[in-house]
Amino acid sequence: MKSSYLPIIGIEVHVELRTKSKMFCSCHNRHFGQKPNTNVCPVCLGLPGALPVPNIKAIEETIIIALTLNCKINSVFWFDRKNYFYPDLPKGYQISQHFAPIGINGFLPVFGEGKSGKIGISDVHLEEDTGKSLHTEETTLLDYNRSGVPLVEIVSKPEIHSSSEAKEYLKRVQQTIRWLGFSDCDMEKGSMRLEANISVAETNQAGNYQLPEYRVEIKNLNSFRFVEKAIDYEISRQIKILESGLLPKQETRGFNSQKGVTYPQRGKEVAKDYRYFPEPDIPPFKFSSKQISKFGENISEMPWQAEDNLMKLGVKGQWVKIIARRKETVRLFLESQRLSSNKISSQELAGWMVNKKTKQDTKPKDLVEEILTEKNKFSLSEDRIAIFAEQAISENPKAVADYRQGKTQVVGFLIGQVQRKSQGKADPNIVTKILLRKLKQNK
Ligand SMILES: [Zn+2]
């Protein structure tokens with residue numbers, strides 16, 4: 001009996017927090033576009049004897065992110081050393097979390113509109129970012145400005161089963177963190193970075209499966225489109241190997257965006273390769289359940305709740321997603337709706353905002369005025385327009401005759417006549433439609 005295949009995908013998202021200072025020192029937390037190695041100190045350069053001082057704001061923000069992702073917060077958590085040598089990590093280890101991360105076992109509501117579903121989150125932890133290596137032909141240059149920037153890692157459970165689900169999930173993570181205002185999650189600037197773990201399971205007739213014995217990690221995916229492409233490529237590559245009776249190799253692969261293919265980089269590390277142990281220079285953190293629930297109180301309406309709310313207000317289809325992409329646009333929508341006191345329907349307002357690409361910093365008052373002006377401008381009903389069109393046709397027999405002889409440009413003249421009669425209150429698109437229909441009818 002031929003079994004069928006089910007892709008098993010887990011995603012790791014790294015998000016740089018935009019706190020004032022770095023994670024363990026008082027250097028400014030900004031690195032993008034700065035002159036290399038100008039924003040460093042003994043701590044983030046990993047000089048011997050330098051001691052880390054944790055950034056409490058970054059810890060609090062990570063707790064709020066974890067709560068938003070419905071995680072349980074560990075009542076005691078600490079930092080661990082993840083040991084590996086790489087030149088952009090001068091200490092020889094990264095301060096991360098392994099044994100007791102800040103948040104565990106949560107979920108994120110991802111799919112709305114009939115496709116209900118959520119993706120499990122296995123953990124949310126906090127670590128320091130590494131420096132950047134710049135490879136030239138002759139040598140490798142190192143910039144440590146980014147070293148020590150607070151980095152939150154959100155690890156999904158392997159509950160994603162296609163590239164399109166992966167994209168939906170990632171869009172939701174990005175939207176959620178942006179709503180909280182803790183990061184701009186800009187993939188181009190590297191403040192949001194992605195890795196995907198992919199394997200393919202064989203399912204039996206009942207659709208059951210066991211997690212495969214291998215996992216392929218794809219690193220450095222810097223756009224949602226590349227994530228989709230890399231996953232699709234990887235799924236078909238692995239299925240081919242499985243069909244030949246072999247097991248794909250456990251490894252880390254890169255993605256070549258020009259060729260649309262993944263390529264092997266190195267064997268994949270497992271936890272024991274990193275020889276994790278608790279960071280001796282930073283004591284563990286303890287938060288009471290009362291303190292933690294206080295953090296929860298700061299969480300306002302989340303994107304999925306805003307989407308539900310917009311749907312209840314009568315906004316339909318894709319417009320819901322587009323408006324709920326940003327907290328600011330939702331606020332603009334709600335405030336404008338209130339100000340318009342029912343003179344503009346929810347659908348009209350949503351359609352206007354989407355079609356005219358209304359900027360999120362538009363003032364609600366201005367938006368309402370703009371829409372009402374436009375509505376009043378063309379307030380004439382189709383019936384009235386039809387009467388004026390009829391009049392314009394009967395008063396201008398020469399123009400009509402010219403039109404019938406193929407001089408279609410006279411339609412412009414007739415439109416002008418109708419507009420004059422309607423004092424500019426007729427929608428030009430409707431005038432044109434009615435005039436053309438009548439000109440054809442009266443033949
Ligand atoms: Zn520093």
# chains A, B, ... in the order shown; residues from 1 in each chain; ligands from 1

$ closest_atom_pairs --of "chain A" --to "ligand 1" --cutoff "6 Å" --atoms "only C-alpha atoms and all ligand atoms" --output "JSON lines"
{"residue": "A:Cys25", "atom": "CA", "partner": "ligand 1", "partner_atom_place_in_ligand_line": "1 (Zn)", "distance": 4.7}
{"residue": "A:Ser26", "atom": "CA", "partner": "ligand 1", "partner_atom_place_in_ligand_line": "1 (Zn)", "distance": 5.8}
{"residue": "A:Cys27", "atom": "CA", "partner": "ligand 1", "partner_atom_place_in_ligand_line": "1 (Zn)", "distance": 4.3}
{"residue": "A:Val40", "atom": "CA", "partner": "ligand 1", "partner_atom_place_in_ligand_line": "1 (Zn)", "distance": 4.5}
{"residue": "A:Cys41", "atom": "CA", "partner": "ligand 1", "partner_atom_place_in_ligand_line": "1 (Zn)", "distance": 3.9}
{"residue": "A:Val43", "atom": "CA", "partner": "ligand 1", "partner_atom_place_in_ligand_line": "1 (Zn)", "distance": 5.2}
{"residue": "A:Cys44", "atom": "CA", "partner": "ligand 1", "partner_atom_place_in_ligand_line": "1 (Zn)", "distance": 4.2}

$ select_by_dssp --residues "region 63-241 of chain A" --states "alpha helix (DSSP H)" --output "MDAnalysis selection string"
chainID A and resid 63:68 163:180 224:241

$ write_last_selection --atoms "C-alpha atoms" --output "short mmCIF file (atom, residue, chain, number, x, y, z; two decimals), in the first residue's frame"
data_model
loop_
_atom_site.label_atom_id
_atom_site.label_comp_id
_atom_site.auth_asym_id
_atom_site.auth_seq_id
_atom_site.Cartn_x
_atom_site.Cartn_y
_atom_site.Cartn_z
CA ILE A 63 7.37 38.21 29.07
CA ILE A 64 4.65 40.28 27.37
CA ILE A 65 5.39 38.67 23.99
CA ALA A 66 5.21 35.21 25.58
CA LEU A 67 1.92 36.04 27.33
CA THR A 68 0.50 37.37 24.06
CA SER A 163 4.52 26.64 2.63
CA SER A 164 1.34 28.72 2.55
CA GLU A 165 0.59 27.88 6.19
CA ALA A 166 4.15 28.87 7.04
CA LYS A 167 3.65 32.23 5.36
CA GLU A 168 0.35 32.85 7.18
CA TYR A 169 1.99 31.99 10.48
CA LEU A 170 4.94 34.31 9.84
CA LYS A 171 2.72 37.19 8.81
CA ARG A 172 0.82 36.71 12.05
CA VAL A 173 3.98 36.70 14.17
CA GLN A 174 5.19 39.89 12.48
CA GLN A 175 1.82 41.60 12.88
CA THR A 176 1.61 40.60 16.56
CA ILE A 177 5.05 41.91 17.54
CA ARG A 178 4.43 45.13 15.62
CA TRP A 179 1.13 45.60 17.48
CA LEU A 180 3.00 45.30 20.74
CA PHE A 224 8.31 35.51 3.21
CA ARG A 225 8.47 34.69 -0.48
CA PHE A 226 11.83 32.94 -0.06
CA VAL A 227 10.42 30.96 2.88
CA GLU A 228 7.61 29.69 0.66
CA LYS A 229 9.97 28.82 -2.19
CA ALA A 230 12.57 27.18 0.04
CA ILE A 231 9.94 25.05 1.78
CA ASP A 232 8.34 23.93 -1.49
CA TYR A 233 11.72 23.05 -2.95
CA GLU A 234 12.76 21.20 0.18
CA ILE A 235 9.50 19.19 0.41
CA SER A 236 9.82 17.89 -3.13
CA ARG A 237 13.56 17.19 -2.68
CA GLN A 238 12.89 15.14 0.45
CA ILE A 239 9.94 13.25 -1.05
CA LYS A 240 12.14 12.18 -3.97
CA ILE A 241 14.72 10.80 -1.54
#

$ closest_residue --among "A:Thr329, A:Asp308, A:Ser191, A:Tyr5" --to "Thr203 (chain A)" --atoms "only C-alpha atoms"
A:Tyr5

$ residues_around --residues "Lys343 (chain A)" --least-positions-apart "4" --cutoff "12 Å" --atoms "only C-alpha atoms" --output "ChimeraX atom specification"
/A:336-339,347-349,368-369,371-373,375-376

$ write_last_selection --atoms "C-alpha atoms" --output "PDB file, in the first residue's frame"
ATOM      1  CA  SER A 336     -13.568  57.476  11.490  1.00  0.00           C
ATOM      2  CA  GLN A 337     -16.585  55.241  11.703  1.00  0.00           C
ATOM      3  CA  ARG A 338     -17.606  56.866  14.970  1.00  0.00           C
ATOM      4  CA  LEU A 339     -17.114  60.370  13.560  1.00  0.00           C
ATOM      5  CA  GLN A 347     -17.918  48.550   3.847  1.00  0.00           C
ATOM      6  CA  GLU A 348     -17.623  51.974   2.180  1.00  0.00           C
ATOM      7  CA  LEU A 349     -15.095  53.140   4.733  1.00  0.00           C
ATOM      8  CA  VAL A 368     -14.363  61.298   6.980  1.00  0.00           C
ATOM      9  CA  GLU A 369     -14.441  64.708   5.326  1.00  0.00           C
ATOM     10  CA  ILE A 371     -15.164  60.529   1.833  1.00  0.00           C
ATOM     11  CA  LEU A 372     -18.239  62.654   2.494  1.00  0.00           C
ATOM     12  CA  THR A 373     -17.081  65.324   0.035  1.00  0.00           C
ATOM     13  CA  LYS A 375     -19.976  61.142  -1.833  1.00  0.00           C
ATOM     14  CA  ASN A 376     -21.778  64.493  -1.963  1.00  0.00           C
TER      15      ASN A 376
END

$ residues_around --residues "Asp186 (chain A)" --least-positions-apart "3" --cutoff "10 Å" --atoms "only C-alpha atoms" --output "compact mmCIF listing (two decimals) with N, CA, C and O atoms, in the first residue's frame"
# COMPACT_ATOMS: atom_id res chain seq x y z
N VAL A 15 13.57 37.97 16.57
CA VAL A 15 13.12 39.36 16.48
C VAL A 15 14.02 40.22 17.37
O VAL A 15 14.20 39.94 18.55
N GLU A 16 14.57 41.27 16.80
CA GLU A 16 15.39 42.20 17.59
C GLU A 16 14.50 43.20 18.31
O GLU A 16 13.66 43.85 17.68
N GLN A 174 4.72 38.53 12.77
CA GLN A 174 5.19 39.89 12.48
C GLN A 174 4.17 40.93 12.92
O GLN A 174 4.49 41.90 13.61
N ARG A 178 4.58 43.72 15.98
CA ARG A 178 4.43 45.13 15.62
C ARG A 178 3.32 45.79 16.42
O ARG A 178 3.43 46.94 16.82
N SER A 183 9.22 45.82 18.23
CA SER A 183 10.20 45.69 17.15
C SER A 183 9.51 46.10 15.86
O SER A 183 8.29 45.96 15.73
N LYS A 189 16.05 44.89 7.03
CA LYS A 189 17.07 45.41 7.94
C LYS A 189 17.53 44.34 8.93
O LYS A 189 18.38 44.60 9.77
N GLY A 190 16.93 43.17 8.84
CA GLY A 190 17.38 42.06 9.68
C GLY A 190 16.81 42.08 11.09
O GLY A 190 17.27 41.33 11.94
N SER A 191 15.81 42.94 11.36
CA SER A 191 15.26 42.92 12.71
C SER A 191 14.24 41.81 12.88
O SER A 191 13.73 41.57 13.96
N MET A 192 13.95 41.07 11.78
CA MET A 192 13.20 39.81 11.88
C MET A 192 13.91 38.81 10.96
O MET A 192 14.14 39.12 9.79
N ARG A 193 14.31 37.66 11.52
CA ARG A 193 15.04 36.68 10.72
C ARG A 193 14.43 35.29 10.95
O ARG A 193 13.91 35.00 12.02
N ASN A 222 15.37 35.49 4.13
CA ASN A 222 15.11 36.89 4.48
C ASN A 222 13.91 37.53 3.80
O ASN A 222 13.82 38.75 3.69
N SER A 223 12.98 36.70 3.32
CA SER A 223 11.68 37.25 2.93
C SER A 223 10.64 36.13 3.00
O SER A 223 10.98 34.96 2.95

$ residues_around --residues "Thr62 (chain A)" --least-positions-apart "3" --cutoff "10 Å" --atoms "only C-alpha atoms" --output "CSV table (one decimal) with N, CA and C atoms, in the first residue's frame"
chain,number,residue,atom,x,y,z
A,17,LEU,N,14.7,43.3,19.6
A,17,LEU,CA,13.9,44.3,20.4
A,17,LEU,C,14.5,45.7,20.2
A,56,ILE,N,16.5,44.8,32.0
A,56,ILE,CA,15.2,44.4,32.6
A,56,ILE,C,14.0,44.7,31.6
A,57,LYS,N,14.2,45.8,30.8
A,57,LYS,CA,13.1,46.2,29.9
A,57,LYS,C,12.9,45.1,28.8
A,58,ALA,N,14.1,44.5,28.4
A,58,ALA,CA,14.0,43.5,27.4
A,58,ALA,C,13.4,42.2,28.0
A,59,ILE,N,13.7,42.0,29.2
A,59,ILE,CA,13.0,40.8,29.9
A,59,ILE,C,11.5,41.0,30.0
A,65,ILE,N,5.5,39.4,25.3
A,65,ILE,CA,5.4,38.7,24.0
A,65,ILE,C,4.9,37.2,24.3
A,66,ALA,N,5.6,36.6,25.3
A,66,ALA,CA,5.2,35.2,25.6
A,66,ALA,C,3.8,35.1,26.1
A,67,LEU,N,3.3,36.1,26.9
A,67,LEU,CA,1.9,36.0,27.3
A,67,LEU,C,1.0,36.2,26.1
A,68,THR,N,1.3,37.1,25.2
A,68,THR,CA,0.5,37.4,24.1
A,68,THR,C,0.4,36.1,23.2
A,102,ILE,N,11.9,31.9,29.1
A,102,ILE,CA,10.8,32.7,29.7
A,102,ILE,C,9.4,32.2,29.5
A,103,GLY,N,9.1,31.8,28.3
A,103,GLY,CA,7.7,31.3,28.0
A,103,GLY,C,7.7,29.9,27.4
A,124,VAL,N,9.4,30.6,24.0
A,124,VAL,CA,9.8,32.0,23.7
A,124,VAL,C,11.0,32.3,24.6
A,125,HIS,N,12.2,32.6,24.0
A,125,HIS,CA,13.3,32.9,24.9
A,125,HIS,C,14.1,34.1,24.4
A,126,LEU,N,14.9,34.6,25.3
A,126,LEU,CA,15.7,35.8,25.1
A,126,LEU,C,17.1,35.5,25.0
A,150,PRO,N,19.4,42.8,22.1
A,150,PRO,CA,18.4,41.8,22.6
A,150,PRO,C,17.6,41.1,21.5
A,151,LEU,N,17.6,39.8,21.5
A,151,LEU,CA,17.0,39.1,20.4
A,151,LEU,C,16.0,38.1,21.0
A,152,VAL,N,14.8,38.1,20.6
A,152,VAL,CA,13.8,37.2,21.1
A,152,VAL,C,13.6,36.1,20.1
A,153,GLU,N,13.6,34.9,20.5
A,153,GLU,CA,13.4,33.8,19.6
A,153,GLU,C,12.1,33.1,19.9
A,154,ILE,N,11.2,33.0,18.9
A,154,ILE,CA,9.9,32.4,19.0
A,154,ILE,C,10.0,31.1,18.2
A,182,PHE,N,7.2,46.4,20.0
A,182,PHE,CA,8.6,46.1,20.6
A,182,PHE,C,9.6,45.9,19.5

$ closest_residue --among "A:Phe99, A:Phe77, A:Phe378, A:Phe107" --to "Arg275 (chain A)" --atoms "only C-alpha atoms"
A:Phe99

$ residues_around --residues "Lys72 (chain A)" --least-positions-apart "2" --cutoff "7 Å" --atoms "only C-alpha atoms" --output "list in words"
Asn70, Asn74, Gly103, Ile104, Asn105 and Gly106 of chain A

$ closest_residue --among "A:Lys157, A:Lys321, A:Lys35, A:Arg326" --to "Gly181 (chain A)" --atoms "only C-alpha atoms"
A:Arg326

$ residues_around --residues "Leu247 (chain A)" --least-positions-apart "4" --cutoff "12 Å" --atoms "only C-alpha atoms" --output "list in words"
Ser199, Val200, Ala201, Glu202, Pro212, Glu213, Tyr214, Arg215, Val216, Arg237, Gln238, Ile239, Lys240, Ile241, Leu242, Glu243 and Glu251 of chain A

$ write_last_selection --atoms "all heavy atoms" --output "tab-separated table (two decimals), in the first residue's frame"
chain	number	residue	atom	x	y	z
A	199	SER	N	10.79	18.44	7.59
A	199	SER	CA	10.95	17.02	7.28
A	199	SER	C	9.63	16.56	6.68
A	199	SER	O	8.65	17.31	6.65
A	199	SER	CB	11.32	16.21	8.53
A	199	SER	OG	10.39	16.46	9.55
A	200	VAL	N	9.62	15.34	6.17
A	200	VAL	CA	8.40	14.82	5.56
A	200	VAL	C	8.07	13.49	6.23
A	200	VAL	O	8.91	12.60	6.30
A	200	VAL	CB	8.57	14.64	4.03
A	200	VAL	CG1	7.33	13.99	3.43
A	200	VAL	CG2	8.84	15.98	3.36
A	201	ALA	N	6.83	13.38	6.74
A	201	ALA	CA	6.40	12.14	7.40
A	201	ALA	C	5.58	11.31	6.43
A	201	ALA	O	4.93	11.85	5.53
A	201	ALA	CB	5.58	12.48	8.64
A	202	GLU	N	5.63	10.00	6.63
A	202	GLU	CA	4.75	9.14	5.85
A	202	GLU	C	3.51	8.85	6.69
A	202	GLU	O	3.62	8.48	7.84
A	202	GLU	CB	5.48	7.85	5.48
A	202	GLU	CG	6.65	8.14	4.56
A	202	GLU	CD	7.38	6.90	4.08
A	202	GLU	OE1	6.70	5.92	3.72
A	202	GLU	OE2	8.61	6.92	4.07
A	212	PRO	N	9.37	12.30	11.79
A	212	PRO	CA	10.51	11.67	11.12
A	212	PRO	C	11.76	11.70	11.99
A	212	PRO	O	11.86	12.50	12.92
A	212	PRO	CB	10.71	12.53	9.87
A	212	PRO	CG	9.41	13.25	9.67
A	212	PRO	CD	8.83	13.44	11.03
A	213	GLU	N	12.72	10.82	11.65
A	213	GLU	CA	13.94	10.71	12.46
A	213	GLU	C	14.97	11.77	12.07
A	213	GLU	O	16.06	11.80	12.62
A	213	GLU	CB	14.57	9.34	12.26
A	213	GLU	CG	13.78	8.21	12.86
A	213	GLU	CD	14.23	6.87	12.29
A	213	GLU	OE1	15.46	6.68	12.10
A	213	GLU	OE2	13.36	6.03	12.03
A	214	TYR	N	14.68	12.57	11.09
A	214	TYR	CA	15.66	13.57	10.64
A	214	TYR	C	14.96	14.93	10.56
A	214	TYR	O	13.74	15.01	10.61
A	214	TYR	CB	16.19	13.20	9.25
A	214	TYR	CG	15.14	13.43	8.19
A	214	TYR	CD1	15.11	14.62	7.46
A	214	TYR	CD2	14.12	12.50	7.96
A	214	TYR	CE1	14.12	14.86	6.53
A	214	TYR	CE2	13.13	12.74	7.04
A	214	TYR	CZ	13.13	13.92	6.32
A	214	TYR	OH	12.14	14.17	5.43
A	215	ARG	N	15.78	15.96	10.44
A	215	ARG	CA	15.25	17.30	10.28
A	215	ARG	C	16.24	18.10	9.45
A	215	ARG	O	17.44	18.02	9.68
A	215	ARG	CB	15.14	17.96	11.66
A	215	ARG	CG	13.79	18.53	11.94
A	215	ARG	CD	13.60	18.82	13.40
A	215	ARG	NE	14.80	19.34	14.04
A	215	ARG	CZ	14.78	20.08	15.14
A	215	ARG	NH1	13.64	20.41	15.69
A	215	ARG	NH2	15.88	20.49	15.70
A	216	VAL	N	15.73	18.84	8.50
A	216	VAL	CA	16.62	19.69	7.70
A	216	VAL	C	16.31	21.14	8.07
A	216	VAL	O	15.16	21.56	8.06
A	216	VAL	CB	16.40	19.46	6.19
A	216	VAL	CG1	17.22	20.46	5.37
A	216	VAL	CG2	16.77	18.03	5.82
A	237	ARG	N	12.25	17.85	-2.73
A	237	ARG	CA	13.56	17.19	-2.68
A	237	ARG	C	13.52	15.99	-1.73
A	237	ARG	O	13.97	14.89	-2.05
A	237	ARG	CB	14.63	18.18	-2.22
A	237	ARG	CG	16.06	17.64	-2.27
A	237	ARG	CD	17.06	18.60	-1.65
A	237	ARG	NE	16.97	18.64	-0.20
A	237	ARG	CZ	17.61	17.81	0.63
A	237	ARG	NH1	18.41	16.89	0.13
A	237	ARG	NH2	17.46	17.89	1.93
A	238	GLN	N	12.92	16.22	-0.56
A	238	GLN	CA	12.89	15.14	0.45
A	238	GLN	C	11.99	13.99	0.02
A	238	GLN	O	12.30	12.82	0.27
A	238	GLN	CB	12.45	15.71	1.80
A	238	GLN	CG	13.48	16.65	2.41
A	238	GLN	CD	13.06	17.20	3.76
A	238	GLN	OE1	12.20	16.65	4.43
A	238	GLN	NE2	13.68	18.30	4.17
A	239	ILE	N	10.85	14.33	-0.62
A	239	ILE	CA	9.94	13.25	-1.05
A	239	ILE	C	10.64	12.36	-2.08
A	239	ILE	O	10.54	11.13	-2.03
A	239	ILE	CB	8.61	13.83	-1.60
A	239	ILE	CG1	7.78	14.39	-0.43
A	239	ILE	CG2	7.81	12.76	-2.35
A	239	ILE	CD1	6.47	15.04	-0.82
A	240	LYS	N	11.41	12.99	-2.98
A	240	LYS	CA	12.14	12.18	-3.97
A	240	LYS	C	13.09	11.20	-3.28
A	240	LYS	O	13.18	10.04	-3.67
A	240	LYS	CB	12.96	13.10	-4.90
A	240	LYS	CG	12.19	13.44	-6.17
A	240	LYS	CD	13.06	14.23	-7.13
A	240	LYS	CE	12.19	15.26	-7.83
A	240	LYS	NZ	12.86	16.55	-8.01
A	241	ILE	N	13.79	11.67	-2.26
A	241	ILE	CA	14.72	10.80	-1.54
A	241	ILE	C	13.96	9.67	-0.84
A	241	ILE	O	14.33	8.49	-0.93
A	241	ILE	CB	15.55	11.61	-0.51
A	241	ILE	CG1	16.40	12.65	-1.24
A	241	ILE	CG2	16.43	10.69	0.34
A	241	ILE	CD1	17.15	13.63	-0.34
A	242	LEU	N	12.84	10.03	-0.19
A	242	LEU	CA	12.05	9.02	0.51
A	242	LEU	C	11.51	7.98	-0.47
A	242	LEU	O	11.48	6.79	-0.19
A	242	LEU	CB	10.89	9.67	1.27
A	242	LEU	CG	11.27	10.51	2.49
A	242	LEU	CD1	10.10	11.36	2.96
A	242	LEU	CD2	11.76	9.60	3.63
A	243	GLU	N	11.10	8.44	-1.63
A	243	GLU	CA	10.55	7.51	-2.63
A	243	GLU	C	11.60	6.55	-3.15
A	243	GLU	O	11.28	5.44	-3.58
A	243	GLU	CB	9.89	8.28	-3.77
A	243	GLU	CG	8.49	8.71	-3.36
A	243	GLU	CD	7.72	9.44	-4.45
A	243	GLU	OE1	8.38	10.02	-5.34
A	243	GLU	OE2	6.48	9.44	-4.37
A	251	GLU	N	20.70	17.87	8.30
A	251	GLU	CA	21.73	18.87	7.99
A	251	GLU	C	21.15	20.28	7.98
A	251	GLU	O	19.94	20.47	8.07
A	251	GLU	CB	22.35	18.57	6.62
A	251	GLU	CG	21.36	18.67	5.48
A	251	GLU	CD	21.94	18.27	4.12
A	251	GLU	OE1	23.17	18.15	4.00
A	251	GLU	OE2	21.14	18.09	3.20

$ closest_residue --among "A:Asn197, A:Asn204, A:Phe287, A:Leu108" --to "Gln250 (chain A)" --atoms "only C-alpha atoms"
A:Asn197

$ atom_distance --atom1 "CA of Leu221 (chain A)" --atom2 "CA of Phe255 (chain A)"
7.1 Å
